[in-house]
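Note: the block below is target.cif and it holds mmCIF, C-alpha atoms, pLDDT in the B column; chains and numbers go by the auth columns.
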data_model
loop_
_atom_site.group_PDB
_atom_site.id
_atom_site.type_symbol
_atom_site.label_atom_id
_atom_site.label_comp_id
_atom_site.label_asym_id
_atom_site.label_seq_id
_atom_site.Cartn_x
_atom_site.Cartn_y
_atom_site.Cartn_z
_atom_site.B_iso_or_equiv
_atom_site.auth_seq_id
_atom_site.auth_asym_id
ATOM 1 C CA MET A 1 -47.878 -12.801 20.515 74.00 38 K
ATOM 2 C CA LEU A 2 -44.658 -13.432 18.596 78.00 39 K
ATOM 3 C CA SER A 3 -41.726 -14.966 20.373 87.00 40 K
ATOM 4 C CA LEU A 4 -38.110 -14.161 19.662 88.00 41 K
ATOM 5 C CA LYS A 5 -37.820 -17.494 17.869 88.00 42 K
ATOM 6 C CA ASP A 6 -40.714 -16.543 15.567 84.00 43 K
ATOM 7 C CA VAL A 7 -39.124 -13.176 14.789 85.00 44 K
ATOM 8 C CA ASN A 8 -35.797 -14.847 13.946 83.00 45 K
ATOM 9 C CA GLU A 9 -37.566 -17.337 11.664 85.00 46 K
ATOM 10 C CA LEU A 10 -39.317 -14.479 9.870 85.00 47 K
ATOM 11 C CA LEU A 11 -36.086 -12.553 9.463 86.00 48 K
ATOM 12 C CA ASP A 12 -34.339 -15.641 8.064 84.00 49 K
ATOM 13 C CA LYS A 13 -36.909 -15.664 5.237 86.00 50 K
ATOM 14 C CA ILE A 14 -35.808 -12.184 4.115 88.00 51 K
ATOM 15 C CA PRO A 15 -32.995 -12.568 1.513 84.00 52 K
ATOM 16 C CA LYS A 16 -31.101 -9.427 2.554 88.00 53 K
ATOM 17 C CA TRP A 17 -31.130 -10.419 6.227 85.00 54 K
ATOM 18 C CA LYS A 18 -28.364 -12.963 5.628 82.00 55 K
ATOM 19 C CA ARG A 19 -26.159 -10.215 4.181 83.00 56 K
ATOM 20 C CA ILE A 20 -26.949 -7.999 7.164 86.00 57 K
ATOM 21 C CA GLN A 21 -25.926 -10.808 9.516 85.00 58 K
ATOM 22 C CA GLU A 22 -22.629 -11.252 7.629 84.00 59 K
ATOM 23 C CA SER A 23 -21.822 -7.525 7.683 88.00 60 K
ATOM 24 C CA PRO A 24 -19.730 -7.431 10.899 89.00 61 K
ATOM 25 C CA ASP A 25 -17.441 -10.215 9.621 89.00 62 K
ATOM 26 C CA ARG A 26 -17.185 -8.580 6.196 89.00 63 K
ATOM 27 C CA LEU A 27 -16.369 -5.220 7.766 92.00 64 K
ATOM 28 C CA ASP A 28 -13.615 -6.750 9.891 91.00 65 K
ATOM 29 C CA GLU A 29 -12.111 -8.397 6.798 93.00 66 K
ATOM 30 C CA LEU A 30 -12.318 -5.166 4.773 94.00 67 K
ATOM 31 C CA GLU A 31 -10.656 -3.204 7.585 94.00 68 K
ATOM 32 C CA LYS A 32 -7.762 -5.700 7.611 91.00 69 K
ATOM 33 C CA ARG A 33 -7.366 -5.421 3.838 93.00 70 K
ATOM 34 C CA ILE A 34 -7.444 -1.612 3.930 92.00 71 K
ATOM 35 C CA LYS A 35 -4.819 -1.558 6.687 86.00 72 K
ATOM 36 C CA ALA A 36 -2.569 -3.879 4.664 81.00 73 K
ATOM 37 C CA ILE A 37 -2.892 -1.596 1.626 82.00 74 K
ATOM 38 C CA GLU A 38 -2.225 1.525 3.709 81.00 75 K
ATOM 39 C CA ASP A 39 0.850 -0.094 5.266 73.00 76 K
ATOM 40 C CA ARG A 40 2.155 -0.988 1.835 72.00 77 K
ATOM 41 C CA ILE A 41 1.718 2.468 0.322 73.00 78 K
ATOM 42 C CA SER A 42 2.906 4.429 3.330 70.00 79 K
ATOM 43 C CA GLY A 43 6.534 4.277 2.134 60.00 80 K
ATOM 44 C CA THR A 44 8.494 7.055 0.515 59.00 81 K
ATOM 45 C CA GLY A 45 6.763 6.678 -2.817 67.00 82 K
ATOM 46 C CA GLU A 46 9.992 5.639 -4.551 82.00 83 K
ATOM 47 C CA VAL A 47 9.605 1.962 -5.500 87.00 84 K
ATOM 48 C CA CYS A 48 12.510 -0.432 -5.110 91.00 85 K
ATOM 49 C CA PRO A 49 13.415 -2.037 -8.459 94.00 86 K
ATOM 50 C CA TYR A 50 14.205 -5.328 -6.682 95.00 87 K
ATOM 51 C CA CYS A 51 11.409 -6.002 -4.176 94.00 88 K
ATOM 52 C CA LYS A 52 8.858 -3.547 -5.671 89.00 89 K
ATOM 53 C CA GLU A 53 8.081 -2.033 -2.260 86.00 90 K
ATOM 54 C CA PRO A 54 7.813 1.761 -1.841 84.00 91 K
ATOM 55 C CA ALA A 55 10.631 1.803 0.694 85.00 92 K
ATOM 56 C CA LEU A 56 13.600 3.523 -0.950 88.00 93 K
ATOM 57 C CA GLU A 57 15.560 5.884 1.285 91.00 94 K
ATOM 58 C CA LEU A 58 17.634 8.579 -0.392 91.00 95 K
ATOM 59 C CA LEU A 59 21.283 8.310 0.642 94.00 96 K
ATOM 60 C CA GLU A 60 22.849 11.063 -1.470 94.00 97 K
ATOM 61 C CA ILE A 61 22.725 12.944 -4.747 93.00 98 K
ATOM 62 C CA LYS A 62 25.944 13.426 -6.713 94.00 99 K
ATOM 63 C CA PRO A 63 26.825 14.619 -10.196 93.00 100 K
ATOM 64 C CA ASP A 64 26.278 11.835 -12.720 92.00 101 K
ATOM 65 C CA PRO A 65 29.632 10.126 -13.497 91.00 102 K
ATOM 66 C CA GLU A 66 29.013 10.315 -17.236 90.00 103 K
ATOM 67 C CA TYR A 67 26.873 13.431 -17.679 88.00 104 K
ATOM 68 C CA GLY A 68 27.749 15.428 -14.567 86.00 105 K
ATOM 69 C CA ASP A 69 29.502 18.117 -16.588 87.00 106 K
ATOM 70 C CA MET A 70 26.122 18.835 -18.220 88.00 107 K
ATOM 71 C CA GLY A 71 24.445 19.268 -14.843 87.00 108 K
ATOM 72 C CA VAL A 72 22.862 15.805 -14.637 91.00 109 K
ATOM 73 C CA LYS A 73 22.627 14.355 -11.113 93.00 110 K
ATOM 74 C CA ARG A 74 22.450 10.768 -9.877 94.00 111 K
ATOM 75 C CA ALA A 75 20.480 9.824 -6.773 93.00 112 K
ATOM 76 C CA TYR A 76 21.629 6.848 -4.671 95.00 113 K
ATOM 77 C CA TYR A 77 19.081 4.883 -2.646 94.00 114 K
ATOM 78 C CA LYS A 78 18.921 2.037 -0.141 95.00 115 K
ATOM 79 C CA CYS A 79 15.748 -0.022 0.232 93.00 116 K
ATOM 80 C CA GLY A 80 14.315 -0.139 3.736 89.00 117 K
ATOM 81 C CA LYS A 81 12.818 -3.585 3.076 89.00 118 K
ATOM 82 C CA CYS A 82 15.367 -5.652 1.130 95.00 119 K
ATOM 83 C CA GLU A 83 18.337 -3.342 1.889 96.00 120 K
ATOM 84 C CA LYS A 84 19.629 -3.438 -1.699 97.00 121 K
ATOM 85 C CA LEU A 85 21.270 -0.362 -3.192 96.00 122 K
ATOM 86 C CA SER A 86 20.100 1.318 -6.379 95.00 123 K
ATOM 87 C CA ASP A 87 20.621 4.568 -8.214 94.00 124 K
ATOM 88 C CA ARG A 88 18.657 6.712 -10.612 92.00 125 K
ATOM 89 C CA GLN A 89 19.543 9.513 -12.901 89.00 126 K
ATOM 90 C CA LYS A 90 17.809 12.746 -11.969 82.00 127 K
ATOM 91 C CA PRO A 91 16.546 14.666 -14.985 73.00 128 K
ATOM 92 C CA LEU A 92 17.505 18.260 -15.562 67.00 129 K
ATOM 93 C CA LYS A 93 14.957 20.746 -14.287 66.00 130 K
ATOM 94 C CA SER A 94 13.760 23.099 -16.963 53.00 131 K
#

Hey, can you dump this file as structure tokens for me?
Amino acid sequence: MLSLKDVNELLDKIPKWKRIQESPDRLDELEKRIKAIEDRISGTGEVCPYCKEPALELLEIKPDPEYGDMGVKRAYYKCGKCEKLSDRQKPLKS
């Protein structure tokens, strides 16, 4: 009759068994990496030009100072991460 020790020794001789034994640790690591990626991309989608995080919050939209008379708008943002201000010209909708 085989003992538990004998079964473990037999399993250790199977090349894929080592990968199966490592699976729980690998899964934990992959879950952490996925969470970090999800946290990073869960912002507004607008990327800050300074810190490169998707954390821009729209403050206001005004007519563009230079091209406002042609209907061009300018959007003003504040980054939720680095708190720097930025602005972008909004294209005309066709």

Which residue gives the smallest distance to K:Cys116 among K:Leu67, K:Val84, K:Ile98, K:Ile74, with all atoms listed in the file counted?
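Residue with the minimum atom-to-atom distance to K:Cys116: K:Val84.
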
Measure the distance from atom CA of K:Gly108 to atom CA of K:Leu96 in Å and round it to one decimal.
19.2 Å

Got a sec to resolve the PyMOL selection byres ((chain K and resi 101) around 10) on this structure and send the residues as a CSV table (one decimal) with C-alpha atoms, in the frame of the given file?
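Saved file part-v6.csv follows:
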chain,number,residue,atom,x,y,z
K,98,ILE,CA,22.7,12.9,-4.7
K,99,LYS,CA,25.9,13.4,-6.7
K,100,PRO,CA,26.8,14.6,-10.2
K,102,PRO,CA,29.6,10.1,-13.5
K,103,GLU,CA,29.0,10.3,-17.2
K,104,TYR,CA,26.9,13.4,-17.7
K,105,GLY,CA,27.7,15.4,-14.6
K,106,ASP,CA,29.5,18.1,-16.6
K,107,MET,CA,26.1,18.8,-18.2
K,108,GLY,CA,24.4,19.3,-14.8
K,109,VAL,CA,22.9,15.8,-14.6
K,110,LYS,CA,22.6,14.4,-11.1
K,111,ARG,CA,22.4,10.8,-9.9
K,112,ALA,CA,20.5,9.8,-6.8
K,125,ARG,CA,18.7,6.7,-10.6
K,126,GLN,CA,19.5,9.5,-12.9
K,127,LYS,CA,17.8,12.7,-12.0

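Of the residues listed (K:Cys88, K:Glu83, K:Val44, K:Glu75), K:Glu83 shows the shortest atom-to-atom separation from K:Tyr113; distances use all atoms listed in the file.
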
Which residue gives the smallest distance to K:Asp76 among K:Asp62, K:Asp49, K:Glu90, K:Glu97, with all atoms listed in the file counted?
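Residue with the minimum atom-to-atom distance to K:Asp76: K:Glu90.
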
Please, what distance in Å, to one decimal, runs between atom CA of K:Asn45 and atom CA of K:Ser60?
17.0 Å

Env of K:Lys118: 9 Å cut, atoms = all atoms listed in the file, seq-sep filter 2 positions within chain, self excluded. Answer as a list of chain:residue names.
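Counting only the stated atoms, we get K:Cys85, K:Cys88, K:Glu90, K:Pro91, K:Ala92, K:Leu93, K:Lys115, K:Cys116, K:Glu120, K:Lys121.
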
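One finds atom CA of K:Ser79 at 22.0 Å from atom CA of K:Leu64.
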